[in-house]
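K.L.:
Pasting target-v4.pdb here (PDB, C-alpha atoms):
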MODEL        1
ATOM      1  CA  MET A   1      35.606  92.173 -20.805
ATOM      2  CA  LYS A   2      34.726  93.103 -17.245
ATOM      3  CA  ASN A   3      31.033  92.678 -18.040
ATOM      4  CA  LYS A   4      31.614  89.152 -19.415
ATOM      5  CA  THR A   5      33.577  88.198 -16.286
ATOM      6  CA  PHE A   6      30.854  89.578 -14.054
ATOM      7  CA  ILE A   7      28.143  87.673 -15.941
ATOM      8  CA  THR A   8      30.157  84.422 -15.664
ATOM      9  CA  VAL A   9      30.518  84.877 -11.908
ATOM     10  CA  ILE A  10      26.783  85.486 -11.566
ATOM     11  CA  ILE A  11      25.980  82.294 -13.524
ATOM     12  CA  VAL A  12      28.303  80.196 -11.372
ATOM     13  CA  VAL A  13      26.797  81.572  -8.166
ATOM     14  CA  VAL A  14      23.285  80.856  -9.405
ATOM     15  CA  LEU A  15      24.189  77.260 -10.346
ATOM     16  CA  LEU A  16      25.768  76.649  -6.954
ATOM     17  CA  ALA A  17      22.668  77.984  -5.222
ATOM     18  CA  ILE A  18      20.405  75.749  -7.284
ATOM     19  CA  THR A  19      22.545  72.701  -6.508
ATOM     20  CA  ALA A  20      22.566  73.447  -2.784
ATOM     21  CA  GLY A  21      18.818  74.003  -2.737
ATOM     22  CA  THR A  22      18.171  70.749  -4.582
ATOM     23  CA  THR A  23      20.354  68.768  -2.143
ATOM     24  CA  LEU A  24      18.572  70.324   0.842
ATOM     25  CA  ILE A  25      15.182  69.420  -0.605
ATOM     26  CA  ILE A  26      16.273  65.794  -1.155
ATOM     27  CA  LEU A  27      17.592  65.456   2.418
ATOM     28  CA  ARG A  28      14.436  66.944   3.932
ATOM     29  CA  SER A  29      12.268  64.674   1.819
ATOM     30  CA  ALA A  30      14.238  61.607   2.937
ATOM     31  CA  LYS A  31      14.006  62.665   6.572
ATOM     32  CA  ASN A  32      10.249  63.152   6.342
ATOM     33  CA  LYS A  33       9.896  59.617   4.932
ATOM     34  CA  GLY A  34      11.848  58.111   7.838
ATOM     35  CA  GLY A  35      14.868  57.154   5.743
ATOM     36  CA  GLY A  36      17.626  59.589   6.574
ATOM     37  CA  MET A  37      21.314  59.323   5.825
ATOM     38  CA  PRO A  38      23.037  56.326   7.447
ATOM     39  CA  ALA A  39      25.718  57.305   9.925
ATOM     40  CA  GLY A  40      28.309  55.659   7.745
ATOM     41  CA  GLY A  41      27.103  57.320   4.509
ATOM     42  CA  PHE A  42      24.638  55.892   1.997
ATOM     43  CA  GLY A  43      24.363  52.090   2.466
ATOM     44  CA  GLY A  44      26.627  50.017   4.727
ATOM     45  CA  ARG A  45      26.025  48.596   8.209
ATOM     46  CA  GLY A  46      26.871  51.672  10.224
ATOM     47  CA  GLY A  47      23.406  53.239  10.160
ATOM     48  CA  PRO A  48      19.975  52.285  11.430
ATOM     49  CA  GLN A  49      19.301  48.571  10.797
ATOM     50  CA  THR A  50      16.205  46.644   9.848
ATOM     51  CA  ALA A  51      15.797  43.656  12.172
ATOM     52  CA  THR A  52      16.065  40.270  10.465
ATOM     53  CA  ALA A  53      13.311  37.801  11.322
ATOM     54  CA  VAL A  54      14.729  34.590  12.813
ATOM     55  CA  ARG A  55      13.629  31.516  14.713
ATOM     56  CA  THR A  56      15.627  30.444  17.741
ATOM     57  CA  VAL A  57      16.102  27.687  20.296
ATOM     58  CA  VAL A  58      17.621  27.721  23.762
ATOM     59  CA  ALA A  59      20.615  25.404  24.065
ATOM     60  CA  LYS A  60      20.451  22.876  26.877
ATOM     61  CA  ASN A  61      22.422  19.804  27.858
ATOM     62  CA  GLN A  62      20.738  16.640  26.618
ATOM     63  CA  THR A  63      21.453  13.002  25.876
ATOM     64  CA  ILE A  64      21.257  11.629  22.352
ATOM     65  CA  THR A  65      21.227   7.900  21.683
ATOM     66  CA  ASP A  66      22.801   6.175  18.705
ATOM     67  CA  PHE A  67      21.209   3.105  17.144
ATOM     68  CA  VAL A  68      21.605   0.241  14.696
ATOM     69  CA  TYR A  69      19.036  -0.915  12.138
ATOM     70  CA  THR A  70      18.629  -4.628  11.484
ATOM     71  CA  ASN A  71      15.950  -7.188  10.629
ATOM     72  CA  GLY A  72      14.545 -10.074  12.621
ATOM     73  CA  GLU A  73      12.002 -12.874  12.803
ATOM     74  CA  ILE A  74       9.283 -13.102  15.433
ATOM     75  CA  GLU A  75       9.191 -16.507  17.099
ATOM     76  CA  THR A  76       7.721 -18.128  20.186
ATOM     77  CA  GLN A  77      10.045 -18.084  23.183
ATOM     78  CA  LYS A  78       9.360 -21.773  23.775
ATOM     79  CA  SER A  79       8.445 -24.253  21.046
ATOM     80  CA  ILE A  80       8.883 -27.940  20.341
ATOM     81  CA  GLU A  81       8.374 -30.306  17.432
ATOM     82  CA  VAL A  82       6.135 -33.303  18.066
ATOM     83  CA  PHE A  83       7.112 -36.779  16.782
ATOM     84  CA  PRO A  84       5.196 -40.070  16.882
ATOM     85  CA  SER A  85       6.535 -42.927  19.004
ATOM     86  CA  ILE A  86       5.899 -45.436  16.207
ATOM     87  CA  GLY A  87       5.627 -45.388  12.427
ATOM     88  CA  GLY A  88       2.404 -45.933  10.528
ATOM     89  CA  LYS A  89      -0.526 -44.079   8.980
ATOM     90  CA  VAL A  90      -2.129 -41.017  10.569
ATOM     91  CA  VAL A  91      -5.764 -42.022  11.047
ATOM     92  CA  GLU A  92      -7.042 -39.218  13.288
ATOM     93  CA  MET A  93      -6.122 -35.570  14.079
ATOM     94  CA  LYS A  94      -7.461 -33.946  17.217
ATOM     95  CA  VAL A  95      -6.072 -30.449  16.555
ATOM     96  CA  SER A  96      -5.735 -27.874  13.795
ATOM     97  CA  LEU A  97      -3.529 -24.837  13.235
ATOM     98  CA  GLY A  98      -3.851 -22.476  16.225
ATOM     99  CA  SER A  99      -5.518 -24.978  18.555
ATOM    100  CA  PRO A 100      -4.573 -24.588  22.244
ATOM    101  CA  VAL A 101      -3.256 -27.726  23.937
ATOM    102  CA  LYS A 102      -2.131 -28.837  27.363
ATOM    103  CA  ALA A 103       0.766 -31.142  28.115
ATOM    104  CA  GLY A 104      -0.490 -34.735  27.750
ATOM    105  CA  ASP A 105      -3.376 -33.913  25.400
ATOM    106  CA  VAL A 106      -3.747 -36.315  22.479
ATOM    107  CA  ILE A 107      -3.172 -34.457  19.227
ATOM    108  CA  ALA A 108      -3.226 -37.420  16.776
ATOM    109  CA  TYR A 109      -3.482 -41.189  16.394
ATOM    110  CA  VAL A 110      -1.134 -43.302  14.284
ATOM    111  CA  ASP A 111      -2.104 -46.801  13.140
ATOM    112  CA  PRO A 112       1.001 -49.020  12.855
ATOM    113  CA  SER A 113      -0.941 -51.884  11.281
ATOM    114  CA  GLU A 114       0.348 -53.500   8.083
ATOM    115  CA  PRO A 115      -1.432 -55.893   5.732
ATOM    116  CA  GLY A 116      -1.864 -59.150   7.610
ATOM    117  CA  SER A 117      -1.153 -57.615  11.022
ATOM    118  CA  TYR A 118      -3.277 -55.362  13.143
ATOM    119  CA  TYR A 119      -2.229 -53.193  16.104
ATOM    120  CA  ALA A 120      -3.902 -50.741  18.417
ATOM    121  CA  LYS A 121      -3.759 -47.080  17.396
ATOM    122  CA  SER A 122      -0.828 -45.203  18.950
ATOM    123  CA  PRO A 123      -1.597 -41.776  20.439
ATOM    124  CA  VAL A 124       0.653 -38.769  19.817
ATOM    125  CA  THR A 125       0.545 -36.413  22.821
ATOM    126  CA  ALA A 126       1.537 -32.784  23.448
ATOM    127  CA  PRO A 127       4.763 -32.561  25.477
ATOM    128  CA  ILE A 128       4.105 -28.936  26.622
ATOM    129  CA  ASP A 129       1.315 -26.399  27.014
ATOM    130  CA  GLY A 130       0.897 -24.056  24.083
ATOM    131  CA  SER A 131      -0.714 -23.693  20.689
ATOM    132  CA  ILE A 132      -0.335 -25.537  17.396
ATOM    133  CA  ILE A 133       1.883 -23.181  15.364
ATOM    134  CA  THR A 134       2.492 -25.282  12.230
ATOM    135  CA  SER A 135      -0.041 -27.130  10.113
ATOM    136  CA  PRO A 136      -0.388 -30.731  11.318
ATOM    137  CA  VAL A 137       0.141 -33.618   8.950
ATOM    138  CA  LYS A 138      -2.886 -34.822   6.986
ATOM    139  CA  ILE A 139      -5.034 -37.830   7.809
ATOM    140  CA  GLY A 140      -3.850 -40.804   5.769
ATOM    141  CA  GLN A 141      -0.267 -39.589   5.604
ATOM    142  CA  LYS A 142       2.465 -42.146   6.284
ATOM    143  CA  VAL A 143       4.850 -41.145   9.089
ATOM    144  CA  ASN A 144       7.820 -42.621  10.952
ATOM    145  CA  VAL A 145       9.511 -41.781  14.222
ATOM    146  CA  ASN A 146      11.480 -38.972  12.524
ATOM    147  CA  SER A 147       8.387 -37.316  11.018
ATOM    148  CA  VAL A 148       7.205 -34.046  12.563
ATOM    149  CA  ILE A 149       3.485 -34.297  13.301
ATOM    150  CA  THR A 150       3.231 -30.610  14.244
ATOM    151  CA  LYS A 151       4.972 -27.891  16.271
ATOM    152  CA  ILE A 152       3.711 -26.490  19.572
ATOM    153  CA  GLY A 153       4.690 -23.052  20.838
ATOM    154  CA  ASP A 154       3.761 -20.522  23.515
ATOM    155  CA  ILE A 155       2.220 -17.749  21.382
ATOM    156  CA  GLY A 156       1.579 -15.652  24.478
ATOM    157  CA  ASN A 157       5.322 -15.058  24.871
ATOM    158  CA  LEU A 158       7.105 -14.031  21.682
ATOM    159  CA  GLN A 159      10.674 -13.051  20.924
ATOM    160  CA  ILE A 160      12.616 -11.507  18.050
ATOM    161  CA  THR A 161      15.715 -13.171  16.692
ATOM    162  CA  ALA A 162      17.967 -10.680  14.886
ATOM    163  CA  LYS A 163      21.527 -10.475  13.620
ATOM    164  CA  VAL A 164      23.840  -7.485  14.156
ATOM    165  CA  PRO A 165      26.870  -6.809  11.891
ATOM    166  CA  GLU A 166      30.227  -7.605  13.443
ATOM    167  CA  ARG A 167      31.416  -3.962  13.415
ATOM    168  CA  TYR A 168      28.751  -3.082  16.004
ATOM    169  CA  VAL A 169      29.089  -6.004  18.427
ATOM    170  CA  ALA A 170      31.181  -3.974  20.885
ATOM    171  CA  GLU A 171      28.132  -1.754  21.456
ATOM    172  CA  LEU A 172      25.753  -4.607  22.334
ATOM    173  CA  ALA A 173      24.528  -5.080  25.910
ATOM    174  CA  ILE A 174      21.817  -6.971  27.742
ATOM    175  CA  GLY A 175      18.827  -4.733  28.482
ATOM    176  CA  GLN A 176      19.191  -2.421  25.478
ATOM    177  CA  LYS A 177      15.874  -1.144  24.159
ATOM    178  CA  ALA A 178      14.597  -1.498  20.622
ATOM    179  CA  GLU A 179      11.691  -0.247  18.541
ATOM    180  CA  ILE A 180      10.057  -2.966  16.442
ATOM    181  CA  THR A 181       7.998  -2.108  13.363
ATOM    182  CA  LEU A 182       5.976  -4.630  11.371
ATOM    183  CA  GLN A 183       4.895  -4.441   7.748
ATOM    184  CA  ALA A 184       1.295  -5.158   8.714
ATOM    185  CA  TYR A 185       1.059  -2.120  11.018
ATOM    186  CA  GLY A 186       3.015   0.578   9.179
ATOM    187  CA  GLU A 187       4.886   2.941  11.510
ATOM    188  CA  GLU A 188       3.311   1.652  14.740
ATOM    189  CA  LYS A 189       6.076   0.823  17.215
ATOM    190  CA  PHE A 190       6.360  -2.142  19.579
ATOM    191  CA  MET A 191       8.996  -1.985  22.312
ATOM    192  CA  ALA A 192      11.384  -4.830  23.110
ATOM    193  CA  SER A 193      14.579  -5.439  25.095
ATOM    194  CA  VAL A 194      17.717  -7.496  24.489
ATOM    195  CA  VAL A 195      17.711 -10.606  26.713
ATOM    196  CA  ARG A 196      20.414 -12.763  25.124
ATOM    197  CA  ILE A 197      23.518 -12.154  23.012
ATOM    198  CA  SER A 198      25.316 -14.940  21.195
ATOM    199  CA  PRO A 199      28.852 -15.528  22.542
ATOM    200  CA  VAL A 200      30.182 -16.052  19.008
ATOM    201  CA  VAL A 201      30.179 -14.292  15.642
ATOM    202  CA  ASP A 202      28.853 -16.327  12.733
ATOM    203  CA  PRO A 203      31.893 -16.643  10.416
ATOM    204  CA  SER A 204      29.734 -17.098   7.315
ATOM    205  CA  THR A 205      27.672 -13.896   7.771
ATOM    206  CA  ARG A 206      30.002 -11.883  10.065
ATOM    207  CA  THR A 207      27.052 -11.207  12.359
ATOM    208  CA  LYS A 208      26.172 -11.866  15.985
ATOM    209  CA  GLU A 209      22.724 -13.147  16.914
ATOM    210  CA  ILE A 210      20.672 -11.392  19.575
ATOM    211  CA  ILE A 211      17.347 -12.315  21.161
ATOM    212  CA  LEU A 212      14.847  -9.653  22.201
ATOM    213  CA  ASN A 213      11.681 -10.093  24.263
ATOM    214  CA  PHE A 214       8.705  -7.783  23.893
ATOM    215  CA  ASP A 215       8.222  -5.475  26.881
ATOM    216  CA  LYS A 216       4.571  -6.509  27.077
ATOM    217  CA  ASN A 217       2.113  -8.859  25.397
ATOM    218  CA  TYR A 218       1.042  -7.270  22.104
ATOM    219  CA  ALA A 219      -2.065  -9.022  20.788
ATOM    220  CA  LYS A 220      -1.381  -7.731  17.266
ATOM    221  CA  VAL A 221       2.012  -9.415  16.998
ATOM    222  CA  ASN A 222       2.126 -12.954  15.610
ATOM    223  CA  ALA A 223       4.838 -15.560  15.418
ATOM    224  CA  GLY A 224       6.321 -15.760  11.942
ATOM    225  CA  MET A 225       6.138 -12.035  11.222
ATOM    226  CA  PHE A 226       9.103 -10.155   9.730
ATOM    227  CA  ALA A 227      10.407  -7.423  12.052
ATOM    228  CA  ARG A 228      12.317  -4.222  11.403
ATOM    229  CA  VAL A 229      14.501  -3.636  14.483
ATOM    230  CA  LYS A 230      15.832  -0.247  15.584
ATOM    231  CA  LEU A 231      18.244  -1.102  18.400
ATOM    232  CA  PHE A 232      19.369   1.770  20.616
ATOM    233  CA  THR A 233      23.013   1.343  21.578
ATOM    234  CA  VAL A 234      25.186   4.185  22.958
ATOM    235  CA  ASP A 235      24.132   7.294  24.928
ATOM    236  CA  TYR A 236      26.030  10.563  24.420
ATOM    237  CA  GLY A 237      25.377  13.220  27.053
ATOM    238  CA  GLY A 238      26.837  16.136  28.968
ATOM    239  CA  TYR A 239      26.784  18.789  26.217
ATOM    240  CA  PRO A 240      24.293  21.179  24.599
ATOM    241  CA  VAL A 241      22.467  19.658  21.626
ATOM    242  CA  ILE A 242      21.452  21.749  18.589
ATOM    243  CA  GLN A 243      19.723  20.839  15.302
ATOM    244  CA  GLN A 244      22.194  20.516  12.432
ATOM    245  CA  ASP A 245      20.354  23.163  10.366
ATOM    246  CA  ALA A 246      21.536  25.867  12.775
ATOM    247  CA  PHE A 247      25.221  25.421  11.920
ATOM    248  CA  VAL A 248      27.019  27.603   9.380
ATOM    249  CA  GLU A 249      30.072  26.030   7.738
ATOM    250  CA  ASN A 250      33.035  28.038   6.530
ATOM    251  CA  SER A 251      36.322  26.432   5.433
ATOM    252  CA  ASP A 252      35.688  23.254   7.452
ATOM    253  CA  GLU A 253      34.878  25.301  10.546
ATOM    254  CA  TYR A 254      31.436  25.583  12.112
ATOM    255  CA  TYR A 255      29.677  28.603  13.584
ATOM    256  CA  LEU A 256      26.448  29.389  15.397
ATOM    257  CA  TYR A 257      24.729  32.762  15.675
ATOM    258  CA  ILE A 258      24.036  33.605  19.322
ATOM    259  CA  VAL A 259      21.337  36.152  20.175
ATOM    260  CA  LYS A 260      22.417  38.674  22.803
ATOM    261  CA  GLU A 261      20.226  40.591  25.266
ATOM    262  CA  ASP A 262      20.126  43.655  22.993
ATOM    263  CA  SER A 263      18.601  41.548  20.174
ATOM    264  CA  THR A 264      21.793  41.557  18.133
ATOM    265  CA  VAL A 265      23.765  38.473  17.181
ATOM    266  CA  THR A 266      27.339  37.374  17.500
ATOM    267  CA  LYS A 267      28.887  34.737  15.251
ATOM    268  CA  ARG A 268      30.512  32.094  17.453
ATOM    269  CA  LYS A 269      32.937  29.374  16.346
ATOM    270  CA  VAL A 270      31.982  26.003  17.868
ATOM    271  CA  THR A 271      33.323  22.472  18.112
ATOM    272  CA  ARG A 272      30.885  19.745  17.126
ATOM    273  CA  GLY A 273      30.621  16.328  18.750
ATOM    274  CA  LYS A 274      28.441  13.294  18.084
ATOM    275  CA  SER A 275      25.645  13.546  15.529
ATOM    276  CA  VAL A 276      22.441  11.502  15.759
ATOM    277  CA  ASP A 277      19.158  12.026  13.940
ATOM    278  CA  GLY A 278      19.977  15.563  12.807
ATOM    279  CA  TYR A 279      20.934  16.633  16.343
ATOM    280  CA  ILE A 280      24.553  17.516  17.101
ATOM    281  CA  GLN A 281      26.466  17.904  20.340
ATOM    282  CA  VAL A 282      28.332  21.192  20.797
ATOM    283  CA  LEU A 283      31.509  20.379  22.721
ATOM    284  CA  ASP A 284      32.828  23.935  22.902
ATOM    285  CA  GLY A 285      31.684  27.438  21.987
ATOM    286  CA  ILE A 286      28.266  27.768  23.631
ATOM    287  CA  SER A 287      26.772  27.202  27.045
ATOM    288  CA  ALA A 288      23.425  25.826  28.141
ATOM    289  CA  GLY A 289      20.848  28.605  28.266
ATOM    290  CA  GLU A 290      22.190  30.653  25.347
ATOM    291  CA  VAL A 291      19.764  31.511  22.548
ATOM    292  CA  VAL A 292      20.805  30.106  19.169
ATOM    293  CA  VAL A 293      19.463  31.128  15.755
ATOM    294  CA  LEU A 294      17.864  28.112  14.094
ATOM    295  CA  GLU A 295      16.345  29.688  10.953
ATOM    296  CA  GLY A 296      17.252  32.870   9.107
ATOM    297  CA  MET A 297      20.978  32.834   9.738
ATOM    298  CA  LEU A 298      21.957  33.070   6.053
ATOM    299  CA  SER A 299      21.302  36.832   5.980
ATOM    300  CA  LEU A 300      23.013  37.540   9.317
ATOM    301  CA  TYR A 301      26.414  39.040  10.123
ATOM    302  CA  GLU A 302      28.289  40.029  13.277
ATOM    303  CA  GLY A 303      26.208  42.574  15.204
ATOM    304  CA  ALA A 304      23.086  42.208  13.027
ATOM    305  CA  LYS A 305      19.807  43.074  14.728
ATOM    306  CA  VAL A 306      17.205  40.306  14.815
ATOM    307  CA  LYS A 307      13.554  39.819  15.632
ATOM    308  CA  ASP A 308      12.609  36.448  17.070
ATOM    309  CA  ILE A 309       9.416  35.122  15.442
ATOM    310  CA  SER A 310       9.524  31.744  17.147
ATOM    311  CA  GLY A 311       6.528  32.605  19.272
ATOM    312  CA  ASN A 312       7.837  31.224  22.514
ATOM    313  CA  VAL A 313      11.594  30.724  22.735
ATOM    314  CA  GLU A 314      11.929  27.066  23.613
ATOM    315  CA  SER A 315      14.830  24.748  24.139
ATOM    316  CA  VAL A 316      15.472  22.061  21.587
ATOM    317  CA  ASP A 317      13.825  18.756  22.518
ATOM    318  CA  VAL A 318      15.442  15.647  21.160
ATOM    319  CA  PRO A 319      12.709  13.191  20.072
ATOM    320  CA  LYS A 320      12.102  10.452  22.615
ATOM    321  CA  GLU A 321      10.939   7.882  20.100
ATOM    322  CA  GLY A 322      14.229   7.550  18.257
ATOM    323  CA  PHE A 323      16.894   9.179  16.204
ATOM    324  CA  ALA A 324      17.565   9.074  12.481
ATOM    325  CA  GLU A 325      21.147   9.206  11.208
ATOM    326  CA  GLY A 326      21.948   5.991  12.953
ATOM    327  CA  LYS A 327      23.822   2.971  11.713
ATOM    328  CA  LYS A 328      22.324   0.607   9.197
TER     329      LYS A 328
ENDMDL
END
What's the structure tokens form of this structure?
P.N.:
Amino acid sequence: MKNKTFITVIIVVVLLAITAGTTLIILRSAKNKGGGMPAGGFGGRGGPQTATAVRTVVAKNQTITDFVYTNGEIETQKSIEVFPSIGGKVVEMKVSLGSPVKAGDVIAYVDPSEPGSYYAKSPVTAPIDGSIITSPVKIGQKVNVNSVITKIGDIGNLQITAKVPERYVAELAIGQKAEITLQAYGEEKFMASVVRISPVVDPSTRTKEIILNFDKNYAKVNAGMFARVKLFTVDYGGYPVIQQDAFVENSDEYYLYIVKEDSTVTKRKVTRGKSVDGYIQVLDGISAGEVVVLEGMLSLYEGAKVKDISGNVESVDVPKEGFAEGKK
């Protein structure tokens, strides 16, 4: 009986020694491979961390500008319809579409003669300088004093007539800038400014008419073209501006990950302000100059270590040419 007990004790001791030796070998192997046991046990966030690659921006105070989309027609700033002083038959045309004229130039002759009576031809003259912007009547056509012979306009000075929905009229102001795009020229932009605002709202369309002049003479732009108008209205400034992709939403609250000097992050609750073109004001929670994670935040947590792969850490630059997310 004593021998059996002794043998059992020996077996237990041997098994314990084998187990201890195996554990020691595993730990040494892990250490040699650079793994090691995390300070908080296997797994968890308490041990050595692998830095998460992120892209960042530096928050800075900027101004974002809201806008309204509308459509318009390009017209001459000054134009006039030309009528004959007497009825009759058009017997001669001195101009064609696009012809330049000076005030007093003869543009057509009308013969008022009827069968059995003959009269001298009556000249039709240009009342202003400009160009012929509508096709003149044809030779042989009968006209009276209410017939439009042609239309003269100043094609060197064009304007855009557009209508803005009533809900935005409080934001309209003389001098506001606009980007004009034309179907013929794709995304090319032509700049214009508001010079007149109608004092009334059209009750049938619930819109207010505005007139815009081009900031310079664009040779490509022609009267009669259809214009897409992007009218910049209200400026919002005084706060840091961050791209909307940087925000993390949780239960209707918004957070940003801020990179600290030790290359770890802190999750900061923020208050958002105005949003224009994918850029959002941050009213509270961050200060200008703080580094904000823009990409890679989905795998982050409080205190996570990060590696910035942005190249150069740069502040967010709101596009100067315009802002999407505006009003349409």
K.L.:
How many Å separate atom CA of A:Tyr109 from atom CA of A:Thr150?
P.N.:
12.7 Å
K.L.:
One decimal, Å: what's the distance from atom CA of A:Asn61 over to atom CA of A:Asp308, could you say?
P.N.:
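Spanning atom CA of A:Asn61 to atom CA of A:Asp308 is a straight-line distance of 22.1 Å.
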K.L.:
If you apply the PyMOL selection byres ((chain A and resi 90-95) around 12) to this file, what residues do you get, as a count of residues only?
P.N.:
49
K.L.:
Please identify all polymer residues within 8 Å of A:Lys78, counting all atoms listed in the file, omitting same-chain residues fewer than 3 positions from it, and present them as a list of chain:residue names.
P.N.:
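So, after excluding close chain neighbours, the residues are A:Gly153, A:Asp154, A:Asn157.
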K.L.:
Can you tell me which residues surround A:Arg268 at a distance of at most 9 Å, considering all atoms listed in the file, apart from same-chain residues fewer than 4 positions away, and format the answer as number ranges by chain?
P.N.:
A: 254-258, 285-286
K.L.:
Excluding A:Ile174 and any residue of its chain fewer than 6 positions from it, enumerate the residues within 12 Å of it, using all atoms listed in the file, and give them as number ranges by chain.
P.N.:
A: 192-198, 210-213, 231-233
K.L.:
Work out how far atom CA of A:Asp235 is from atom CA of A:Thr181, in Å to one decimal.
P.N.:
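Spanning atom CA of A:Thr181 to atom CA of A:Asp235 is a straight-line distance of 22.0 Å.
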K.L.:
Measuring atom to atom with all atoms listed in the file, identify which of A:Lys208, A:Arg272, A:Lys216, A:Lys177 is nearest to A:Lys230.
P.N.:
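Of A:Lys208, A:Arg272, A:Lys216, A:Lys177, the one nearest A:Lys230, counting all atoms listed in the file, is A:Lys177.
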K.L.:
For a quick check of understanding, using all atoms listed in the file, which of A:Gln176, A:Gln62, A:Asn217, A:Gln159 has the smallest distance to A:Ile242?
P.N.:
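Looking at the shortest contact to A:Ile242, the residue is A:Gln62.
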K.L.:
Select, from A:Gly278, A:Gly289, A:Gly186, A:Gly296, the residue with the minimum atom-to-atom distance to A:Thr65, counting only C-alpha atoms.
P.N.:
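Looking only at the distances to A:Thr65, the closest residue turns out to be A:Gly278.
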K.L.:
So which one's closest to A:Ala173, A:Ile64, A:Glu295, A:Val234, A:Arg206? Using all atoms listed in the file, please.
P.N.:
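Among A:Ile64, A:Glu295, A:Val234, A:Arg206, it is A:Val234 that comes nearest to A:Ala173.
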K.L.:
Could you tell me which residues the PyMOL selection byres ((chain A and resi 219) around 12) returns for this structure, as a ChimeraX atom specification?
P.N.:
/A:155-158,190,214,216-218,220-223
K.L.:
Between A:Val270, A:Val276, A:Ala53, A:Val265, which one has atoms that come closest to A:Glu253, using all atoms listed in the file?
P.N.:
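Between A:Val270, A:Val276, A:Ala53, A:Val265, the residue approaching A:Glu253 most closely is A:Val270.
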